Amino acid sequence: MKSLFLRIFLSFWVALALFVVLATLVTLVFRPRSSSWEGLLATALNDSVYSYEQNGSRGLHDYLDNLEHTQRVRGFLFNENMEEISHRGAPDWAVRVAAGGPRAPREGFFFPAPPPVLRDSRASSDGLHRYTLVLAPPPGPRLFLGPRGMPLPGLIILIITSGVVCYFLSWYLTKPIVRLRAATQQLAAGDLTTRTGAPATQRRDEVAGLMRDFDAMAERLETLVKAQSRLLNDISHELRSPLARLNVALGLARQRSDAESGDMLDRIELEASRLNELIGRILTLARLEDGEQPVPQTPVPFDEVVASVAEDAEFEAQARHCHVRTVIPEGDWGVRGNASLLHSAAENVIRNAIRYTQEGTSIEIELTSEQSSRGPEAVLKVSDSGPGVPEASLEKLFEPFYRIDDARGRLTGGVGLGLAITERAVRFHGGRVSAHNRPEGGLRVEIRLPLIAGGQEAQQPEPVASAQEA
C-alpha cells in the first residue's frame, strides 16, 4: 500500500470500527441475563400486587413508573378480565401477551424482532382475583437492533459513519502533502516559480510549516539561479567589447600585412567569428534559462542538421587521422525547435568526441528512433574511442565550466561550456542528454529529442559557425 492517504484512512477506520464492535460486545456480555429477568419479574409481580391492594390504581401507577425509571423496564398489571388496572395505557401486544398469546413479532433487517417479554400471574391475597404482570424493556431505537436482538444494523451504520469521518480526516491530513509533492515535481522539472501556496494563518502544524519552508527554499533557489544567469549574461556582454576591438585591430592588420601573413589573419578572423557566435549563443541560452523566450514550434529536419555537422567534423578529424562514420536511416526526422541551437548541440558533442578519441580511430554517429512513454524520439548516439570518463564525473559533464582536470583543459583549450550548452539546448527542446562509458572503451553521448508528426514542411538549417566546446 503506497498511498499515505489510504494508510491513514484505513488505519483510522479499522481502529474506530474495532472500538465500536468491542464496545457493543462488552455491552451485550454485561447486559442482564434471563435469570435476572425472572427474579425481577417475581419481585415486581409481588410488589405491584401489594401496591395495588394497599394504595389502589394510583399507588400501582406510581410503582410501575418508578420501576421503569430505576430498572429500565416497562410493566403492565392486568386483572382476570384483561384490564390494565394501573391505567397506564397498555399497548395491544401487552394485552396479547397477558392473555397468553404471542407478541406477533415482525422480524427483519429494518424491522427487527421486539425485545424479550416476560409474564407471570398470581392470585390476590384474598384469593378472589388473579393478576398478570407483563414486563418488557422500554421503547428505544429499534433500528439499531437486528434479528434476535443483535445490533447488526446499528453496527453497520456506525462503521459507515466512522468511515466517512475518517475519510475527511485523512483528506485533511494528506491534502497539503499532495500539494507539496506536486510542487516538488514542478521544481524538479525546472519551474523555479512554483510554490505550494502554504496557508498563512489557517494551519500552524508541522505540515504547514514544511510547506512554508519549501516555498522559502524555492524562492531562494530562484533568486540564485537568476543571479547566476544575470552574471553569465553580463560577462557575455562585457566580452563583446574587447572582441569588437579585436576585429578593428584585425582590419588594420590586413591593411599592413603581406601575402605570407594572410592565412594567419584569416584564421584569426575565423576564430573571432566563432567566439562571437559562441557569446551570442550563451546570451540566448541565458535568456532561455530566465524563461524569456517561448518554446520553439518551427519544424526542423534533425537528420539534415546531423549530416551537416558530421560533414564538417570529417574535415576537422583529418588533422588527427580520424574518420567520422555516420549512419542516418531515411525517414521523417522532424523535431520542433531552433535549427541554430540544435546544430550547436550536436556540434559540441561531435567535436568533443573528435578531440578526445585516440588518433587514427573512428567517430561513430548513429541516428535512430525509439518509442518512449512520451512518444517517438530521435536518438543521436555519438561514440568515440578515447579514455572515457570516471563514473563519478559522468553526471557533471553537463555542468557549466566543469573540467575533469586542468591539464586536460589546457591540452584541448576547452573551458567546460560545450556540453553545458548542449544540455541546455536539448532540455529547452523538451529532450534530454546523457553520457555513458562504452564497455569496449571510450565515451558515448546520447541526445534524445521528441519527434513530430510527419507531413509538415521543416525549416532548413541555417549554416552556423562552430561553437567552441569544453
# chains A, B, ... in the order shown; residues from 1 in each chain; ligands from 1

call {"tool": "residues_around", "arguments": {"residues": "A:Ser308", "least_positions_apart": "3", "cutoff": "10 Å", "atoms": "only C-alpha atoms", "output": "JSON, numbers by chain"}}
result
{"A": [302, 303, 304, 305, 311, 312, 313, 343, 346, 347, 461, 463]}

call {"tool": "select_by_dssp", "arguments": {"residues": "stretch 256-378 of chain A", "states": "alpha helix (DSSP H)", "output": "PyMOL selection string"}}
result
chain A and resi 256+262-289+302-317+339-356

call {"tool": "residues_around", "arguments": {"residues": "A:Met82", "least_positions_apart": "5", "cutoff": "12 Å", "atoms": "only C-alpha atoms", "output": "PDB file with N, CA, C and O atoms, in the first residue's frame"}}
result
ATOM      1  N   PHE A  76     -46.890  -3.786  33.045  1.00  0.00           N
ATOM      2  CA  PHE A  76     -48.346  -3.620  32.940  1.00  0.00           C
ATOM      3  C   PHE A  76     -49.004  -4.732  33.744  1.00  0.00           C
ATOM      4  O   PHE A  76     -48.692  -5.916  33.529  1.00  0.00           O
ATOM      5  N   LEU A  77     -49.924  -4.339  34.661  1.00  0.00           N
ATOM      6  CA  LEU A  77     -50.610  -5.311  35.527  1.00  0.00           C
ATOM      7  C   LEU A  77     -52.055  -5.448  35.075  1.00  0.00           C
ATOM      8  O   LEU A  77     -52.770  -4.445  34.959  1.00  0.00           O
ATOM      9  N   ALA A  90     -51.929   0.345  28.230  1.00  0.00           N
ATOM     10  CA  ALA A  90     -51.193  -0.831  27.758  1.00  0.00           C
ATOM     11  C   ALA A  90     -51.331  -0.977  26.248  1.00  0.00           C
ATOM     12  O   ALA A  90     -52.429  -0.843  25.702  1.00  0.00           O
ATOM     13  N   ASP A  92     -51.317  -2.998  22.501  1.00  0.00           N
ATOM     14  CA  ASP A  92     -52.008  -4.228  22.092  1.00  0.00           C
ATOM     15  C   ASP A  92     -51.160  -5.467  22.341  1.00  0.00           C
ATOM     16  O   ASP A  92     -51.680  -6.522  22.722  1.00  0.00           O
ATOM     17  N   ALA A  94     -49.023  -5.971  24.656  1.00  0.00           N
ATOM     18  CA  ALA A  94     -49.025  -6.333  26.081  1.00  0.00           C
ATOM     19  C   ALA A  94     -50.308  -7.052  26.460  1.00  0.00           C
ATOM     20  O   ALA A  94     -50.304  -7.995  27.267  1.00  0.00           O
ATOM     21  N   VAL A  95     -51.434  -6.643  25.854  1.00  0.00           N
ATOM     22  CA  VAL A  95     -52.711  -7.330  26.123  1.00  0.00           C
ATOM     23  C   VAL A  95     -52.650  -8.753  25.607  1.00  0.00           C
ATOM     24  O   VAL A  95     -53.114  -9.706  26.278  1.00  0.00           O
ATOM     25  N   ARG A  96     -52.060  -8.934  24.385  1.00  0.00           N
ATOM     26  CA  ARG A  96     -51.969 -10.279  23.828  1.00  0.00           C
ATOM     27  C   ARG A  96     -51.081 -11.178  24.679  1.00  0.00           C
ATOM     28  O   ARG A  96     -51.386 -12.347  24.922  1.00  0.00           O
ATOM     29  N   VAL A  97     -49.955 -10.622  25.127  1.00  0.00           N
ATOM     30  CA  VAL A  97     -49.055 -11.429  25.959  1.00  0.00           C
ATOM     31  C   VAL A  97     -49.712 -11.779  27.283  1.00  0.00           C
ATOM     32  O   VAL A  97     -49.596 -12.901  27.798  1.00  0.00           O
ATOM     33  N   ALA A  98     -50.453 -10.850  27.882  1.00  0.00           N
ATOM     34  CA  ALA A  98     -51.132 -11.122  29.159  1.00  0.00           C
ATOM     35  C   ALA A  98     -52.170 -12.207  29.009  1.00  0.00           C
ATOM     36  O   ALA A  98     -52.400 -13.003  29.938  1.00  0.00           O
ATOM     37  N   ALA A  99     -52.799 -12.270  27.822  1.00  0.00           N
ATOM     38  CA  ALA A  99     -53.811 -13.312  27.573  1.00  0.00           C
ATOM     39  C   ALA A  99     -53.186 -14.641  27.201  1.00  0.00           C
ATOM     40  O   ALA A  99     -53.919 -15.608  26.945  1.00  0.00           O
ATOM     41  N   GLY A 100     -51.856 -14.711  27.124  1.00  0.00           N
ATOM     42  CA  GLY A 100     -51.186 -15.952  26.781  1.00  0.00           C
ATOM     43  C   GLY A 100     -50.869 -16.104  25.317  1.00  0.00           C
ATOM     44  O   GLY A 100     -50.389 -17.157  24.892  1.00  0.00           O
ATOM     45  N   SER A 121     -48.270 -14.694  36.623  1.00  0.00           N
ATOM     46  CA  SER A 121     -49.572 -14.451  37.262  1.00  0.00           C
ATOM     47  C   SER A 121     -49.545 -14.978  38.692  1.00  0.00           C
ATOM     48  O   SER A 121     -48.814 -15.917  39.023  1.00  0.00           O
ATOM     49  N   HIS A 129     -59.196 -12.672  43.230  1.00  0.00           N
ATOM     50  CA  HIS A 129     -58.764 -12.113  41.951  1.00  0.00           C
ATOM     51  C   HIS A 129     -57.445 -12.763  41.531  1.00  0.00           C
ATOM     52  O   HIS A 129     -56.718 -13.340  42.351  1.00  0.00           O
ATOM     53  N   ARG A 130     -57.170 -12.609  40.225  1.00  0.00           N
ATOM     54  CA  ARG A 130     -55.898 -13.112  39.697  1.00  0.00           C
ATOM     55  C   ARG A 130     -55.263 -11.994  38.842  1.00  0.00           C
ATOM     56  O   ARG A 130     -55.911 -11.428  37.968  1.00  0.00           O
ATOM     57  N   TYR A 131     -54.015 -11.735  39.099  1.00  0.00           N
ATOM     58  CA  TYR A 131     -53.311 -10.642  38.429  1.00  0.00           C
ATOM     59  C   TYR A 131     -52.167 -11.202  37.569  1.00  0.00           C
ATOM     60  O   TYR A 131     -51.495 -12.177  37.953  1.00  0.00           O
ATOM     61  N   THR A 132     -51.971 -10.578  36.431  1.00  0.00           N
ATOM     62  CA  THR A 132     -50.901 -10.961  35.479  1.00  0.00           C
ATOM     63  C   THR A 132     -50.030  -9.738  35.201  1.00  0.00           C
ATOM     64  O   THR A 132     -50.543  -8.680  34.812  1.00  0.00           O
ATOM     65  N   LEU A 133     -48.724  -9.901  35.368  1.00  0.00           N
ATOM     66  CA  LEU A 133     -47.766  -8.808  35.126  1.00  0.00           C
ATOM     67  C   LEU A 133     -46.972  -9.102  33.848  1.00  0.00           C
ATOM     68  O   LEU A 133     -46.478 -10.220  33.657  1.00  0.00           O
ATOM     69  N   VAL A 134     -46.884  -8.105  33.002  1.00  0.00           N
ATOM     70  CA  VAL A 134     -46.093  -8.189  31.767  1.00  0.00           C
ATOM     71  C   VAL A 134     -44.950  -7.183  31.864  1.00  0.00           C
ATOM     72  O   VAL A 134     -45.190  -5.984  32.099  1.00  0.00           O
TER      73      VAL A 134
END

call {"tool": "closest_residue", "arguments": {"among": "A:Ala15, A:Ile8, A:Ser340, A:Asp120", "to": "A:Ser48", "atoms": "only C-alpha atoms"}}
result
A:Asp120

call {"tool": "select_by_dssp", "arguments": {"residues": "stretch 231-369 of chain A", "states": "strand (DSSP E or B)", "output": "list in words"}}
result
Pro299, Val300, Pro301, His323, Val324, Arg325, Thr326, Val327, Gly334, Val335, Arg336, Ser362, Ile363, Glu364, Ile365, Glu366, Leu367, Thr368 and Ser369 of chain A

call {"tool": "residues_around", "arguments": {"residues": "A:Lys175", "least_positions_apart": "4", "cutoff": "12 Å", "atoms": "only C-alpha atoms", "output": "PyMOL selection string"}}
result
chain A and resi 4-5+167-171+179-182+196+198+207-208+211
